[in-house]
Amino acid sequence: MTDAVEVRAVARRFGSVQALAGVDLSVAQGEFFGLLGPNGAGKTTLISILAGLVRADRGVARVLGHDVASDYRQARRALGVVPQELVFDPFFTVRETLRIQSGYFGLRRNDAWIDELLHHLDLTSKADANMRSLSGGMKRRVLVGQALVHKPPVIVLDEPTAGVDVELRQSLWAFIRRLNGDGHTIILTTHYLEEAEALCHRIAMMKAGRIVALDTTQRLLSRFGSLTVRLSASRVPEAWRAHVTRDEGEVHYLELDAYAELEGLLAALREDGIAIDEMRVAGTDLEQAFLRIMAGSATTDDAGVAAVLPEA
């Protein structure tokens, strides 16, 4: 099956700033995918290339198999983008704005879907209100409606809930989940990491124009869960003394930073004939995993892929 989004070796420089430094990424059809990173990581540049707003210096980007440069009409028809910035025309009402957006895609009789969008975005009461009279949160709802008005199979949400109240956030995510359940591919960028953790099956993390982590949400979290191990022994193997957090006579407590360390500890304990009394798993959340990945992604290998990148 053709990927919803395929990015291969995409690079882009703005003057002295290397916004993207050879990004490789694939998003499957029907996936709910998270694209995370600090400000300046290159997320918006990558989205702009997919949307045809910026041309890559090198590399290839495709939406449902359509090259965003050479087959741009089909690529743009397949994509709906909710931008981070509030961009709107102050001279039209909400309904007129959505009808005009429909016209860009050649959709003449789209009022039924527009009415449905207005309902799900809680904009029905504002349908005939002028755009300039709306609050910031209401304007962001209209941007979501504009991105969805042509029923694109691939939807990119760039900080869609920034400045949005809690009630709308919940109703918006319920609607987006429904669209994803109907087969739409969702790509989300957000600084609300709890949203990404709850919604996204897979997550890519970017820093300085590179992908520094890419895996399922669950595997990313499991990589940074800690283990507390309790031993009853006269001593702890010397190589593991740095992991001891507490000694109570001949009872020792060791803290492992990652599950991957457990195998090495078990080997050392077997060699010394020491048994484990108890192991306790401490989970982590996406915010903690994100901070640790960002802190550990400064060094890269010869291929330019950060050393923290999880195995497939």
# chains A, B, ... in the order shown; residues from 1 in each chain; ligands from 1
call {"tool": "residues_around", "arguments": {"residues": "Gly183 of chain A", "least_positions_apart": "6", "cutoff": "8 Å", "atoms": "only C-alpha atoms", "output": "list of chain:residue names"}}
result
A:Gln29, A:Gly30, A:Pro153
call {"tool": "write_last_selection", "arguments": {"atoms": "N, CA and C atoms", "output": "JSON list (two decimals), in the first residue's frame"}}
result
[["chain", "number", "residue", "atom", "x", "y", "z"],
["A", 29, "GLN", "N", -0.89, 4.93, 5.67],
["A", 29, "GLN", "CA", -2.28, 5.37, 5.54],
["A", 29, "GLN", "C", -3.07, 4.94, 6.78],
["A", 30, "GLY", "N", -3.89, 5.84, 7.28],
["A", 30, "GLY", "CA", -4.72, 5.55, 8.44],
["A", 30, "GLY", "C", -4.02, 5.70, 9.77],
["A", 153, "PRO", "N", -7.65, 13.00, 2.52],
["A", 153, "PRO", "CA", -7.31, 11.75, 3.20],
["A", 153, "PRO", "C", -6.16, 11.89, 4.18]]
call {"tool": "residues_around", "arguments": {"residues": "segment 202-211 of chain A", "least_positions_apart": "2", "cutoff": "6 Å", "atoms": "only C-alpha atoms", "output": "list in words"}}
result
Ala19, Leu20, Ala21, Val23, Phe33, Gly34, Leu35, Leu36, Gly37, Ala41, Gly42, Cys200, Ala213, Leu214, Asp215, Thr216 and Thr217 of chain A
call {"tool": "closest_atom_pairs", "arguments": {"of": "segment 99-120 of chain A", "to": "segment 75-93 of chain A", "cutoff": "10 Å", "atoms": "only C-alpha atoms", "output": "Markdown table"}}
result
| residue | atom | partner | partner_atom | distance |
| --- | --- | --- | --- | --- |
| A:Arg99 | CA | A:Thr93 | CA | 9.9 |
| A:Ile100 | CA | A:Phe92 | CA | 9.4 |
| A:Tyr104 | CA | A:Arg77 | CA | 9.7 |
| A:Phe105 | CA | A:Arg77 | CA | 7.1 |
call {"tool": "write_last_selection", "arguments": {"atoms": "C-alpha atoms", "output": "PDB file, in the first residue's frame"}}
result
ATOM      1  CA  ARG A  99     -17.402  27.994   0.838  1.00  0.00           C
ATOM      2  CA  ILE A 100     -14.522  29.916  -0.724  1.00  0.00           C
ATOM      3  CA  TYR A 104     -10.373  26.290  -4.406  1.00  0.00           C
ATOM      4  CA  PHE A 105     -10.838  22.537  -4.800  1.00  0.00           C
TER       5      PHE A 105
END
call {"tool": "closest_residue", "arguments": {"among": "A:Met138, A:Ala69, A:Val63, A:Val149", "to": "Arg108 of chain A", "atoms": "only C-alpha atoms"}}
result
A:Val149
call {"tool": "residues_around", "arguments": {"residues": "Gly249 of chain A", "least_positions_apart": "4", "cutoff": "10 Å", "atoms": "only C-alpha atoms", "output": "short mmCIF file (atom, residue, chain, number, x, y, z; two decimals) with C-alpha atoms, in the first residue's frame"}}
result
data_model
loop_
_atom_site.label_atom_id
_atom_site.label_comp_id
_atom_site.auth_asym_id
_atom_site.auth_seq_id
_atom_site.Cartn_x
_atom_site.Cartn_y
_atom_site.Cartn_z
CA SER A 232 20.07 -9.40 49.65
CA ALA A 233 23.82 -9.92 49.56
CA SER A 234 27.00 -8.97 51.38
CA ARG A 235 28.07 -6.85 48.42
#
call {"tool": "closest_residue", "arguments": {"among": "A:Arg270, A:Gly145, A:Asp24, A:Val68", "to": "Glu116 of chain A", "atoms": "only C-alpha atoms"}}
result
A:Gly145
call {"tool": "residues_around", "arguments": {"residues": "Val60 of chain A", "least_positions_apart": "4", "cutoff": "8 Å", "atoms": "only C-alpha atoms", "output": "list in words"}}
result
Glu6, Val7, Arg8, Ala9, Val10, Ala56 and Asp67 of chain A
call {"tool": "select_by_dssp", "arguments": {"residues": "segment 151-272 of chain A", "states": "helix (DSSP H, G or I)", "output": "PyMOL selection string"}}
result
chain A and resi 166-181+193-199+217-223+238-243+259-272
call {"tool": "select_by_dssp", "arguments": {"residues": "segment 50-285 of chain A", "states": "strand (DSSP E or B)", "output": "ChimeraX atom specification"}}
result
/A:58-63,66-67,79-82,93,130,154-158,185-189,202-207,210-216,226-232,244-248,251-256,276-282
call {"tool": "residues_around", "arguments": {"residues": "Arg140 of chain A", "least_positions_apart": "3", "cutoff": "12 Å", "atoms": "only C-alpha atoms", "output": "count of residues only"}}
result
33
call {"tool": "closest_residue", "arguments": {"among": "A:Gln101, A:Asp257, A:Phe14, A:Asp57", "to": "Ile114 of chain A", "atoms": "only C-alpha atoms"}}
result
A:Gln101
call {"tool": "atom_distance", "arguments": {"atom1": "atom CA of Leu269 of chain A", "atom2": "atom CA of Glu248 of chain A"}}
result
18.5 Å
call {"tool": "residues_around", "arguments": {"residues": "Thr2 of chain A", "least_positions_apart": "4", "cutoff": "8 Å", "atoms": "only C-alpha atoms", "output": "list in words"}}
result
Ala28, Gln29, Leu64 and Gly65 of chain A
call {"tool": "write_last_selection", "arguments": {"atoms": "C-alpha atoms", "output": "PDB file, in the first residue's frame"}}
result
ATOM      1  CA  ALA A  28       1.277   4.796   6.734  1.00  0.00           C
ATOM      2  CA  GLN A  29      -2.279   5.366   5.543  1.00  0.00           C
ATOM      3  CA  LEU A  64      -0.201   9.386  -1.284  1.00  0.00           C
ATOM      4  CA  GLY A  65       2.449   8.751  -3.940  1.00  0.00           C
TER       5      GLY A  65
END
